[in-house]
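Peer 1: My questions all concern the structure below.
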Amino acid sequence: MTRDGVSAPDGTAPVSDGILKSDDGAVLDWLLDREPVPGVHGLSAFLQPIADQWREVVLRVLFELATKQNVPLPLLWLYPRALPALAHLSHDTDGNDPDKARQLLDTLAVADVPATWCVIAPGYEKDLIDTVRRAGHELATHYDALSDGCHWGREPFDAQQRFLRELFGEEPVTNKNHYLRWEGDTEFFEWCAQGGLLMDQSKGASKTGEAGFNFGTCHPYQPVAPNGRVIPVLELPTPTQDLHVFAPEELAAPLMAAAERHHGILHLLFHPAHIDKPQVADSIIRVVRTAQERGLEWWTARQISAWERARRQVTWSDYRSGPEQTQVTLCAHSALKDATLLWLCPKSSGQAAVDGASLSAKRVHFWGFPFEAVVMDLAEDSAYTLRLRSEES
């Protein structure tokens, strides 16, 4: 990132503000890629994760071809227990007001969900930091390259990481940049990887009129360096900020629906600084309840990172398909509890076996196709032989 981006022509997203940030590098079109937010006159947002849609086109073609040729395909589903999607709350502690932090803690206790607290230096007092941790929340970092005396660069980034690591008394794995600051290309991802951070949340919307999936996805992804090397950091975009302050609560519904439809992650950011404003606390509880009713679970960024990394290490081998059954070997390098194994098999009998032990498969539908699903625990450094019988057998 070397210069300001182009602001939205309708005035709702003045990204050209003299501050370099991730959204200055957005490539989606203000007119073609946004759509009106239902129930909110005059506000458009990026309501479709376009990159995810293109990926699903490829998946659907593959599944259709396999179905036509009656080729059973095994897959490891994205989440445990066949969850349709996930949800995630993050909180940037700008201002570090202890009273507002406690008020937010009380709200989260009512909602009964864990969250990721992105703490900006100098942070809260140690007792309050410990309270956040004891409540089951994740302590993450909030790199500040915007406030007076804070600059963009590897040295100040490392210095803030060291300070916050000592304050936390543990190694953080997640970061979000204050004001979504960004400069250069993928160098920042390299800083994260070299500093032990596993997930970043700095790609997102800093202005209301660009809320939504302005980076095209609701899934965590690994960035690629200019030379084509995959950088070992996961990026989970931040599609919107404080409902009722940054954007109307009506925005939550289409974002949630899109995350569910494309089996992604609904990420909502709420600053403790706004928790005492009208409707903010209530909106947190409402959106949490609604997501849960739709079958989504709320995870911290640490949980998401651990699961996603373990899932990506699973491999398949020794695939054999015959008229009576299909067999394949699955190897897991890290443990995955309640992993969901899918079979795309139109002629399946619904009877599956893992290492000879029979399991009852359940019919589920993803990406518009029916799958047989088996839920099981995968142990670290383990291999399993899966078999699925056909209807004829």
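Residue numbering restarts at 1 in every chain; chains get A, B, ... in the order shown in the structure tokens, and ligands count up from 1 in that same order.
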Within 12 Å of Ala109 (chain A), counting only C-alpha atoms, which residues qualify if same-chain residues fewer than 4 places away don't, as a list of chain:residue names?
Peer 2: A:Arg102, A:Gln103, A:Leu104, A:Leu105, A:Val113, A:Pro114, A:Ala115, A:Val132, A:Arg134, A:Ala135, A:Gly136, A:His137, A:Ala281, A:Ile284, A:Ile285, A:Val288
Peer 1: Contacts of Asn227 (chain A) at 12 Å or less, counting only C-alpha atoms, minus same-chain residues fewer than 3 places along, as a tab-separated table (two decimals) with N, CA and C atoms, in the first residue's frame?
Peer 2:
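That gives us result15.tsv:
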chain	number	residue	atom	x	y	z
A	185	ASP	N	3.29	-4.18	0.67
A	185	ASP	CA	2.61	-5.31	0.06
A	185	ASP	C	2.28	-6.35	1.12
A	186	THR	N	3.00	-7.47	1.12
A	186	THR	CA	2.74	-8.53	2.08
A	186	THR	C	3.77	-8.55	3.21
A	223	PRO	N	-2.19	-15.64	2.83
A	223	PRO	CA	-1.71	-14.71	1.81
A	223	PRO	C	-0.54	-15.30	1.03
A	224	VAL	N	-0.33	-14.75	-0.14
A	224	VAL	CA	0.74	-15.21	-1.03
A	224	VAL	C	1.69	-14.05	-1.29
A	230	VAL	N	3.53	-19.12	-0.21
A	230	VAL	CA	2.42	-18.97	0.73
A	230	VAL	C	2.98	-18.60	2.09
A	231	ILE	N	2.46	-17.53	2.67
A	231	ILE	CA	2.93	-17.05	3.98
A	231	ILE	C	2.12	-17.75	5.06
Peer 1: List as a PDB file with N, CA and C atoms, in the first residue's frame the protein and nucleic acid residues near Asp127 (chain A), meaning an atom at most 12 Å away when only C-alpha atoms are counted, but skip any in the same chain fewer than 4 places from it.
Peer 2:
ATOM      1  N   PRO A  98     -11.350   1.127  31.554  1.00  0.00           N
ATOM      2  CA  PRO A  98     -11.653  -0.077  32.336  1.00  0.00           C
ATOM      3  C   PRO A  98     -13.139  -0.252  32.629  1.00  0.00           C
ATOM      4  N   ARG A 102     -15.403  -3.543  31.535  1.00  0.00           N
ATOM      5  CA  ARG A 102     -16.218  -4.359  32.443  1.00  0.00           C
ATOM      6  C   ARG A 102     -17.664  -4.436  31.967  1.00  0.00           C
ATOM      7  N   GLY A 123      -2.723  -0.898  27.128  1.00  0.00           N
ATOM      8  CA  GLY A 123      -3.635  -1.928  27.610  1.00  0.00           C
ATOM      9  C   GLY A 123      -4.290  -1.584  28.933  1.00  0.00           C
ATOM     10  N   THR A 131      -8.839 -10.793  34.295  1.00  0.00           N
ATOM     11  CA  THR A 131     -10.286 -11.008  34.338  1.00  0.00           C
ATOM     12  C   THR A 131     -10.823 -11.385  32.970  1.00  0.00           C
ATOM     13  N   VAL A 132     -10.327 -10.704  31.944  1.00  0.00           N
ATOM     14  CA  VAL A 132     -10.735 -11.021  30.571  1.00  0.00           C
ATOM     15  C   VAL A 132     -10.377 -12.467  30.244  1.00  0.00           C
ATOM     16  N   ARG A 133      -9.177 -12.889  30.600  1.00  0.00           N
ATOM     17  CA  ARG A 133      -8.738 -14.249  30.318  1.00  0.00           C
ATOM     18  C   ARG A 133      -9.571 -15.270  31.093  1.00  0.00           C
ATOM     19  N   ARG A 134      -9.801 -15.004  32.376  1.00  0.00           N
ATOM     20  CA  ARG A 134     -10.559 -15.952  33.192  1.00  0.00           C
ATOM     21  C   ARG A 134     -11.989 -16.112  32.701  1.00  0.00           C
ATOM     22  N   LEU A 167       2.530  -8.187  29.170  1.00  0.00           N
ATOM     23  CA  LEU A 167       1.301  -7.831  29.876  1.00  0.00           C
ATOM     24  C   LEU A 167       0.361  -9.030  29.978  1.00  0.00           C
ATOM     25  N   PHE A 168       0.231  -9.780  28.893  1.00  0.00           N
ATOM     26  CA  PHE A 168      -0.679 -10.921  28.871  1.00  0.00           C
ATOM     27  C   PHE A 168      -0.152 -12.086  29.707  1.00  0.00           C
ATOM     28  N   GLY A 169       1.164 -12.229  29.769  1.00  0.00           N
ATOM     29  CA  GLY A 169       1.739 -13.393  30.411  1.00  0.00           C
ATOM     30  C   GLY A 169       1.591 -14.653  29.588  1.00  0.00           C
TER      31      GLY A 169
END
Peer 1: Let me make sure I understand: among A:Gln241, A:Ser202, A:Thr217, A:Ser360, which one has the smallest atom-to-atom distance to Leu341 (chain A) if we use only C-alpha atoms?
Peer 2: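 Among the listed residues, the smallest separation from Leu341 (chain A) belongs to A:Ser360.
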Peer 1: Write out as a ChimeraX atom specification the set of residues from region 40-273 of chain A that DSSP, computed on the backbone, places in strand (DSSP E or B).
Peer 2: /A:44-46,73-76,86-92,116-119,138-141,174-175,181,199-200,204,212,221,224,230,234-235,238,243,247,265-269
